[in-house]
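Below: final_6.txt (compact mmCIF, C-alpha atoms and all ligand atoms)
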# COMPACT_ATOMS: atom_id res chain seq x y z
CA MET A 1 -20.06 -65.22 17.51
CA ALA A 2 -18.07 -65.31 14.25
CA ALA A 3 -20.92 -66.82 12.27
CA ASN A 4 -23.22 -64.34 13.99
CA LEU A 5 -21.06 -61.40 13.04
CA ILE A 6 -20.86 -62.46 9.41
CA ASP A 7 -24.62 -63.12 9.34
CA SER A 8 -25.34 -59.75 10.93
CA LEU A 9 -23.09 -57.98 8.43
CA LEU A 10 -24.73 -59.82 5.50
CA GLU A 11 -28.15 -58.86 6.82
CA LEU A 12 -27.11 -55.21 7.19
CA LYS A 13 -25.60 -55.20 3.70
CA VAL A 14 -28.94 -56.29 2.26
CA GLN A 15 -30.82 -53.69 4.31
CA VAL A 16 -28.67 -50.68 3.36
CA PRO A 17 -30.23 -49.99 -0.10
CA SER A 18 -33.72 -49.98 1.39
CA LEU A 19 -32.96 -47.79 4.44
CA PRO A 20 -35.50 -44.92 4.74
CA GLU A 21 -34.33 -41.87 2.85
CA PRO A 22 -33.72 -38.90 5.23
CA ALA A 23 -35.98 -35.95 4.44
CA ASP A 24 -33.81 -33.18 5.88
CA GLU A 25 -30.45 -32.45 7.51
CA LYS A 26 -31.73 -33.43 10.96
CA GLU A 27 -32.82 -36.89 9.83
CA LEU A 28 -29.56 -37.24 7.88
CA ASP A 29 -27.57 -36.56 11.02
CA ALA A 30 -29.64 -38.98 13.07
CA LEU A 31 -29.02 -41.73 10.50
CA ARG A 32 -25.29 -41.03 10.47
CA VAL A 33 -25.12 -41.28 14.26
CA LYS A 34 -27.26 -44.44 14.30
CA TYR A 35 -25.04 -46.34 11.83
CA LEU A 36 -21.62 -44.65 11.76
CA GLY A 37 -21.46 -42.89 15.16
CA LYS A 38 -19.02 -43.93 17.91
CA LYS A 39 -21.69 -46.12 19.48
CA GLY A 40 -23.44 -46.78 16.16
CA ILE A 41 -24.36 -50.17 14.67
CA VAL A 42 -21.26 -50.49 12.45
CA SER A 43 -18.99 -49.59 15.32
CA LEU A 44 -20.62 -52.13 17.63
CA LEU A 45 -20.33 -54.86 14.98
CA SER A 46 -16.66 -54.10 14.41
CA GLN A 47 -16.01 -54.69 18.09
CA GLY A 48 -16.76 -58.39 17.42
CA MET A 49 -13.87 -58.68 14.93
CA PRO A 50 -11.17 -59.85 17.41
CA SER A 51 -13.18 -63.00 18.18
CA VAL A 52 -13.59 -64.03 14.50
CA PRO A 53 -11.42 -67.09 13.70
CA LYS A 54 -8.38 -66.34 11.67
CA GLU A 55 -9.59 -68.04 8.46
CA GLN A 56 -12.87 -66.07 8.47
CA LYS A 57 -11.26 -62.72 9.26
CA PRO A 58 -10.69 -61.65 5.59
CA GLU A 59 -14.34 -62.34 4.73
CA ALA A 60 -15.62 -60.52 7.85
CA GLY A 61 -13.26 -57.57 7.30
CA LYS A 62 -14.29 -57.24 3.65
CA LEU A 63 -17.96 -57.34 4.56
CA LEU A 64 -17.51 -54.74 7.31
CA GLN A 65 -15.79 -52.40 4.84
CA GLU A 66 -18.51 -52.95 2.21
CA VAL A 67 -21.23 -52.17 4.74
CA ARG A 68 -19.46 -49.01 5.96
CA THR A 69 -18.81 -47.75 2.40
CA GLY A 70 -22.39 -48.58 1.36
CA ILE A 71 -23.80 -46.52 4.23
CA GLU A 72 -21.38 -43.61 3.61
CA GLN A 73 -22.34 -43.50 -0.08
CA MET A 74 -26.03 -43.61 0.74
CA LEU A 75 -25.64 -40.74 3.25
CA GLU A 76 -23.61 -38.66 0.74
CA ARG A 77 -26.25 -39.14 -1.98
CA ALA A 78 -28.91 -38.04 0.51
CA ARG A 79 -26.85 -35.00 1.59
CA VAL A 80 -26.42 -33.79 -2.01
CA LYS A 81 -30.14 -34.28 -2.69
CA ILE A 82 -31.22 -32.40 0.46
CA ARG A 83 -28.87 -29.51 -0.34
CA ARG A 84 -30.04 -29.28 -3.94
CA GLU A 85 -33.68 -29.25 -2.87
CA LYS A 86 -32.96 -26.54 -0.29
CA ILE A 87 -31.29 -24.27 -2.91
CA GLN A 88 -34.16 -24.89 -5.31
CA ARG A 89 -36.67 -23.87 -2.61
CA GLU A 90 -34.69 -20.68 -1.86
CA ILE A 91 -34.53 -19.74 -5.55
CA GLU A 92 -38.27 -20.23 -5.89
CA GLN A 93 -38.98 -18.11 -2.82
CA GLU A 94 -36.59 -15.27 -3.73
CA PHE A 95 -38.08 -12.17 -5.30
CA PHE A 96 -36.21 -9.51 -7.20
CA ASP A 97 -37.88 -6.17 -7.71
CA ILE A 98 -36.14 -5.08 -10.89
CA SER A 99 -37.96 -1.73 -10.78
CA LEU A 100 -36.11 -0.61 -7.58
CA PRO A 101 -33.51 2.16 -8.12
CA GLY A 102 -29.84 1.07 -7.76
CA ALA A 103 -27.63 2.06 -4.80
CA ASN A 104 -25.93 5.40 -5.49
CA PRO A 105 -22.19 5.19 -4.76
CA GLY A 106 -21.89 9.02 -4.98
CA PHE A 107 -19.32 11.05 -6.88
CA GLY A 108 -15.67 10.83 -5.91
CA ALA A 109 -13.28 13.78 -6.05
CA ARG A 110 -9.55 14.23 -6.43
CA HIS A 111 -7.60 13.89 -3.18
CA PRO A 112 -6.26 17.31 -2.05
CA ILE A 113 -2.67 16.00 -2.26
CA SER A 114 -3.16 14.89 -5.88
CA ALA A 115 -4.83 18.22 -6.70
CA VAL A 116 -1.95 20.27 -5.22
CA MET A 117 0.63 18.02 -6.86
CA GLU A 118 -1.00 18.48 -10.28
CA GLU A 119 -1.18 22.24 -9.76
CA ILE A 120 2.54 22.41 -8.88
CA VAL A 121 3.51 20.22 -11.84
CA ASP A 122 1.41 22.50 -14.09
CA ILE A 123 3.19 25.63 -12.87
CA PHE A 124 6.62 24.11 -13.53
CA THR A 125 5.79 22.56 -16.90
CA GLY A 126 4.56 26.07 -17.81
CA MET A 127 8.11 27.27 -17.04
CA GLY A 128 9.63 24.64 -19.37
CA PHE A 129 10.36 21.77 -16.94
CA GLN A 130 9.85 18.18 -18.15
CA VAL A 131 8.25 15.55 -15.86
CA GLU A 132 10.30 12.48 -14.81
CA GLU A 133 9.55 9.67 -12.37
CA GLY A 134 11.73 7.21 -10.49
CA PRO A 135 11.19 4.00 -8.47
CA GLU A 136 10.03 4.10 -4.82
CA ALA A 137 12.15 1.03 -3.98
CA GLU A 138 15.52 2.57 -4.72
CA SER A 139 19.16 1.56 -4.48
CA ASP A 140 21.55 3.03 -1.93
CA TYR A 141 23.56 4.39 -4.86
CA TYR A 142 20.80 6.64 -6.26
CA ASN A 143 19.33 7.63 -2.88
CA PHE A 144 22.67 8.40 -1.19
CA GLU A 145 25.99 7.65 -2.79
CA GLY A 146 25.38 9.25 -6.21
CA LEU A 147 24.16 12.30 -4.26
CA ASN A 148 27.49 12.73 -2.49
CA PHE A 149 26.53 10.93 0.73
CA PRO A 150 29.59 8.66 1.21
CA PRO A 151 28.99 5.40 3.16
CA GLU A 152 28.95 6.10 6.93
CA HIS A 153 28.47 9.85 6.31
CA PRO A 154 26.53 11.35 9.26
CA ALA A 155 24.24 13.25 6.83
CA ARG A 156 22.56 9.90 6.08
CA ASP A 157 21.00 10.13 9.55
CA MET A 158 19.16 13.32 8.52
CA GLN A 159 16.66 11.04 6.78
CA ASP A 160 15.50 8.06 8.87
CA THR A 161 15.56 5.32 6.29
CA PHE A 162 13.36 2.25 5.85
CA HIS A 163 15.85 -0.37 4.61
CA LEU A 164 14.53 -3.18 2.41
CA THR A 165 17.71 -5.24 2.41
CA GLU A 166 20.75 -5.08 4.65
CA ILE A 167 22.95 -3.17 2.21
CA GLU A 168 21.66 -2.18 -1.19
CA MET A 169 17.89 -1.54 -1.36
CA LEU A 170 15.72 0.94 0.54
CA LEU A 171 12.50 2.95 0.24
CA ARG A 172 13.62 6.26 -1.21
CA THR A 173 13.76 8.97 1.46
CA HIS A 174 13.47 11.83 -1.05
CA THR A 175 12.87 12.45 -4.75
CA SER A 176 16.48 13.60 -5.26
CA PRO A 177 17.53 10.17 -6.73
CA VAL A 178 15.56 11.19 -9.83
CA GLN A 179 18.14 13.99 -10.32
CA VAL A 180 20.88 11.38 -10.76
CA ARG A 181 18.73 9.11 -12.92
CA ALA A 182 17.67 11.96 -15.23
CA MET A 183 21.22 13.35 -15.51
CA GLU A 184 22.48 9.89 -16.54
CA LYS A 185 19.60 9.42 -19.00
CA TYR A 186 19.56 12.80 -20.78
CA GLY A 187 22.70 14.79 -19.98
CA PRO A 188 22.68 18.61 -19.94
CA PRO A 189 21.05 21.06 -20.60
CA LEU A 190 18.06 19.83 -18.65
CA SER A 191 15.11 21.06 -16.56
CA VAL A 192 13.20 18.36 -14.72
CA ILE A 193 10.31 18.18 -12.26
CA ALA A 194 9.87 14.83 -10.46
CA PRO A 195 6.79 14.20 -8.29
CA GLY A 196 6.36 11.06 -6.18
CA LYS A 197 6.00 9.25 -2.87
CA VAL A 198 8.85 9.09 -0.37
CA TYR A 199 9.26 7.30 2.97
CA ARG A 200 10.87 8.09 6.32
CA CYS A 201 10.60 6.68 9.79
CA ASP A 202 9.07 9.91 11.10
CA ALA A 203 5.63 10.83 12.52
CA ASP A 204 3.96 13.84 14.19
CA ILE A 205 1.58 16.65 13.14
CA THR A 206 3.92 17.89 10.38
CA HIS A 207 5.76 14.61 9.61
CA SER A 208 4.32 11.47 8.05
CA PRO A 209 6.11 8.13 7.36
CA MET A 210 4.90 8.26 3.73
CA PHE A 211 4.64 11.65 2.12
CA HIS A 212 5.03 13.27 -1.29
CA GLN A 213 7.80 15.41 -2.67
CA ILE A 214 8.43 17.24 -5.88
CA GLU A 215 12.01 17.53 -6.99
CA GLY A 216 13.00 20.18 -9.49
CA PHE A 217 16.34 21.01 -11.08
CA THR A 218 17.91 22.87 -13.96
CA ILE A 219 21.36 22.31 -15.46
CA ASP A 220 22.68 24.69 -18.06
CA LYS A 221 25.60 27.00 -18.68
CA LYS A 222 25.93 29.84 -16.13
CA VAL A 223 22.97 28.89 -13.93
CA THR A 224 23.18 30.85 -10.65
CA MET A 225 21.63 31.01 -7.19
CA GLY A 226 19.70 34.03 -8.55
CA ASP A 227 17.98 31.72 -11.07
CA LEU A 228 17.00 29.41 -8.21
CA LYS A 229 15.53 32.24 -6.14
CA GLY A 230 13.68 33.72 -9.13
CA THR A 231 12.21 30.33 -10.08
CA LEU A 232 11.02 29.63 -6.52
CA GLN A 233 9.59 33.12 -6.10
CA THR A 234 7.65 32.88 -9.37
CA PHE A 235 6.36 29.46 -8.34
CA ILE A 236 5.24 30.57 -4.85
CA ARG A 237 3.46 33.66 -6.20
CA ARG A 238 1.58 31.57 -8.73
CA LEU A 239 0.59 29.04 -6.09
CA TYR A 240 -0.28 31.23 -3.09
CA GLY A 241 -0.75 34.71 -4.58
CA ALA A 242 1.50 37.76 -5.06
CA ASP A 243 1.63 38.82 -1.38
CA THR A 244 3.01 35.57 0.02
CA LYS A 245 6.15 36.02 2.07
CA ILE A 246 9.06 33.60 1.67
CA ARG A 247 12.52 33.44 3.20
CA LEU A 248 15.63 31.45 2.32
CA ARG A 249 17.88 30.26 5.14
CA PRO A 250 21.34 28.74 4.69
CA SER A 251 21.23 24.98 5.20
CA PHE A 252 23.23 21.84 4.50
CA PHE A 253 22.51 18.98 2.07
CA PRO A 254 25.52 16.95 0.80
CA PHE A 255 24.31 17.18 -2.81
CA VAL A 256 24.18 21.00 -3.04
CA GLU A 257 26.69 23.79 -2.33
CA PRO A 258 25.60 26.28 -1.13
CA GLY A 259 22.41 24.83 0.36
CA ALA A 260 19.28 26.57 1.62
CA GLU A 261 15.84 25.94 3.04
CA MET A 262 12.80 27.93 2.10
CA ASP A 263 10.05 28.89 4.53
CA VAL A 264 6.61 30.30 3.71
CA SER A 265 4.79 32.55 6.17
CA CYS A 266 2.30 30.43 8.08
CA VAL A 267 -1.21 31.04 6.74
CA ILE A 268 -2.78 29.09 9.59
CA CYS A 269 -1.86 31.73 12.21
CA GLY A 270 -1.09 34.61 9.81
CA GLY A 271 2.53 34.52 10.98
CA LYS A 272 1.67 35.04 14.66
CA GLY A 273 2.80 31.57 15.71
CA CYS A 274 0.86 28.33 16.20
CA ARG A 275 1.50 24.62 16.81
CA VAL A 276 1.91 23.91 13.07
CA CYS A 277 4.71 26.48 12.58
CA LYS A 278 6.05 25.60 16.03
CA HIS A 279 5.37 29.24 17.09
CA THR A 280 7.87 30.68 14.58
CA GLY A 281 5.36 32.14 12.09
CA TRP A 282 7.08 30.21 9.24
CA LEU A 283 6.74 26.72 7.82
CA GLU A 284 9.64 25.05 6.00
CA ILE A 285 8.45 23.65 2.68
CA LEU A 286 11.59 22.90 0.74
CA GLY A 287 15.30 22.35 0.60
CA ALA A 288 17.35 23.75 -2.30
CA GLY A 289 20.78 24.80 -3.52
CA MET A 290 23.35 24.70 -6.31
CA ILE A 291 24.03 21.13 -7.49
CA HIS A 292 27.31 19.91 -5.97
CA PRO A 293 30.18 19.34 -8.46
CA ASN A 294 30.60 15.77 -7.10
CA VAL A 295 26.99 14.94 -8.09
CA MET A 296 27.59 16.22 -11.62
CA LYS A 297 30.87 14.30 -11.87
CA SER A 298 29.31 11.00 -10.84
CA SER A 299 26.80 11.45 -13.68
CA ASN A 300 29.59 12.31 -16.15
CA ILE A 301 28.72 16.01 -16.38
CA ASP A 302 31.62 18.45 -16.34
CA PRO A 303 31.03 20.97 -13.50
CA GLU A 304 33.55 23.36 -15.12
CA VAL A 305 31.17 23.73 -18.08
CA TRP A 306 27.75 23.22 -16.54
CA SER A 307 26.08 24.44 -13.37
CA GLY A 308 22.64 23.85 -11.93
CA PHE A 309 20.20 24.43 -9.12
CA ALA A 310 17.91 21.92 -7.44
CA PHE A 311 15.08 21.96 -4.94
CA GLY A 312 12.83 19.40 -3.26
CA MET A 313 9.57 20.30 -1.58
CA GLY A 314 7.12 18.46 0.67
CA ILE A 315 3.66 18.44 -0.96
CA GLU A 316 1.74 17.82 2.29
CA ARG A 317 3.33 20.95 3.81
CA VAL A 318 2.44 22.97 0.69
CA ALA A 319 -1.15 21.65 0.89
CA MET A 320 -1.38 22.37 4.65
CA LEU A 321 -0.54 26.01 3.98
CA LYS A 322 -2.80 26.26 0.95
CA TYR A 323 -5.86 24.86 2.70
CA GLY A 324 -5.10 25.81 6.33
CA VAL A 325 -4.89 22.17 7.50
CA ASP A 326 -3.25 21.96 10.92
CA ASP A 327 -2.44 18.22 11.09
CA ILE A 328 -0.70 16.27 8.29
CA ARG A 329 -2.36 13.00 9.38
CA LEU A 330 -5.77 14.28 8.21
CA PHE A 331 -4.62 13.75 4.61
CA PHE A 332 -4.21 10.01 5.16
CA GLU A 333 -7.19 9.11 7.35
CA ASN A 334 -9.64 9.22 4.42
CA ASP A 335 -12.44 10.64 6.57
CA MET A 336 -15.08 11.69 4.02
CA ARG A 337 -16.07 14.71 6.17
CA PHE A 338 -12.53 16.05 5.72
CA LEU A 339 -12.11 15.11 2.05
CA ARG A 340 -15.50 16.58 0.98
CA GLN A 341 -14.28 20.08 1.87
CA PHE A 342 -11.89 20.28 -1.09
C1 LIG C 1 15.23 16.72 1.18
O1 LIG C 1 14.51 15.75 1.16
C2 LIG C 1 16.09 17.11 0.02
N1 LIG C 1 16.12 16.02 -0.92
C3 LIG C 1 15.57 18.37 -0.59
C4 LIG C 1 16.50 19.00 -1.55
C5 LIG C 1 16.38 18.76 -2.91
C6 LIG C 1 17.54 19.82 -1.08
C7 LIG C 1 17.27 19.34 -3.81
C8 LIG C 1 18.39 20.40 -1.94
C9 LIG C 1 18.27 20.17 -3.30
P1 LIG C 1 14.37 17.58 3.50
O2 LIG C 1 14.71 16.38 4.27
O3 LIG C 1 14.53 18.87 4.20
O4 LIG C 1 15.21 17.63 2.19
O5 LIG C 1 12.86 17.45 2.98
C10 LIG C 1 12.33 18.36 2.02
C11 LIG C 1 10.91 18.75 2.41
O6 LIG C 1 10.10 17.59 2.58
C12 LIG C 1 10.83 19.47 3.76
O7 LIG C 1 11.07 20.83 3.56
C13 LIG C 1 9.41 19.19 4.15
O8 LIG C 1 8.53 20.07 3.49
C14 LIG C 1 9.16 17.81 3.60
N2 LIG C 1 9.28 16.74 4.62
C15 LIG C 1 10.40 16.21 5.16
N3 LIG C 1 10.12 15.22 6.01
C16 LIG C 1 8.76 15.09 6.00
C17 LIG C 1 7.83 14.22 6.65
N4 LIG C 1 8.23 13.23 7.42
N5 LIG C 1 6.51 14.41 6.41
C18 LIG C 1 6.09 15.37 5.58
N6 LIG C 1 6.91 16.22 4.91
C19 LIG C 1 8.23 16.09 5.12

How does this structure look as structure tokens?
Amino acid sequence: MAANLIDSLLELKVQVPSLPEPADEKELDALRVKYLGKKGIVSLLSQGMPSVPKEQKPEAGKLLQEVRTGIEQMLERARVKIRREKIQREIEQEFFDISLPGANPGFGARHPISAVMEEIVDIFTGMGFQVEEGPEAESDYYNFEGLNFPPEHPARDMQDTFHLTEIEMLLRTHTSPVQVRAMEKYGPPLSVIAPGKVYRCDADITHSPMFHQIEGFTIDKKVTMGDLKGTLQTFIRRLYGADTKIRLRPSFFPFVEPGAEMDVSCVICGGKGCRVCKHTGWLEILGAGMIHPNVMKSSNIDPEVWSGFAFGMGIERVAMLKYGVDDIRLFFENDMRFLRQF
């Protein structure tokens, strides 16, 4: 048996170089199964190994390995050749008509949120405000503590926060942190407008988990609540027209004193009441107030000398009223039928 096995392996080794070359993938597979398959020739021969006498085992083992490698290399060469020939055939058969017109991707347009945001920034820069930006991944200090929200203060719950780390980092819940950053950077007097994305764990027809705000504030000597009201009134008239009705309601934000919220009469129902204005005839678009002395102090500004007003508005709400959109989610679905209307 041993002599037979060695003879058979020697015979096979001689045959390998002159095995018929497979013409296609099917023949290649058949050859692989015939020689290297579970019940193939090489496998059957290797089953004879246990009965080879000890002194002939190295020779038989070496031969078996040479035969297997020889066949594998032959099959690999054939596979590469078949593949190359196939690609060559495809290239030869392919036909490009270079005279055909290209696919037209169509013209894009500015997203309504970007358009409204630019319009608002334009109105305020026209009134002398400078544009500032801040990071969306913000520290607890700028988002809360520097704005007079002490740790554990219940007002933190007014804005459902996405925390990035257990203590320090979060996705900013409003653009108000830019107030603190700009105060530290420039000092008074100062008028800033800060547009950007903000995030809250909040979702329905007027609330979105990611939305846009524009923060605005002015610090100077003798700035009053009257300046705040005049600035907002001028802004609203420029944006919506001279007849637009607004109202200010007292409200609470830890970083202003006194605080207020501003509503605009609902254009969707003409003030009669609908699902967007929750049947009140008004839609809240911004929070505002006189900058709290504690906020000034933490940015090293003396509140005995300087005073200021601040406001922060939701751009989606402003855009809903401007265009009569009754569901905030439409802005983020990117349905071309919706977007083409602007
Ligand atoms: C604030 O975010 C304050 N930082 C605003 C402010 C700035 C007050 C400066 C005083 C001084 P508020 O949480 O109310 O406040 O949000 C402001 C506006 O953002 C709202 O009036 C509303 O228009 C919009 N808004 C709030 N939550 C959402 C939301 N989930 N989706 C869309 N718009 C929202």

Find the residues near ligand LIG 1 (chain C). Use a cut-off of 6 Å, count only C-alpha atoms and all ligand atoms, and write them as number ranges by chain. A: 174, 176, 200, 202, 206-209, 211, 253, 256, 284-289, 310-314, 316-317

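The list of residues with at least one atom within 9 Å of A:Gln179, based on all atoms listed in the file and without residues fewer than 4 positions apart in the same chain, reads Tyr142, Leu147, Thr175, Met183, Glu184, Val192, Ala194, Glu215, Gly216, Phe217 and Ala310 of chain A.
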
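With distances restricted to only C-alpha atoms, A:Leu12 is the closest residue to A:Gly70 from A:Met336, A:Ile291, A:Leu12, A:Leu321.
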
Skip A:Gln47 itself and residues of its chain fewer than 2 positions away, then list as number ranges by chain all residues within 12 Å of it, counting all atoms listed in the file. A: 1-2, 5, 38-45, 49-52, 60-61, 64

Please return the centre and edge lengths, in Å to one decimal, of a box with edges along x, y and z that contains all listed atoms of stretch 56-70 of chain A, widened by 6 Å on every side, as AutoDock Vina command-line options.
--center_x -16.5 --center_y -56.9 --center_z 5.3 --size_x 23.7 --size_y 30.3 --size_z 19.9

Atom CA of A:Asp160 and atom CA of A:Met210, how far apart in Å? 11.8 Å
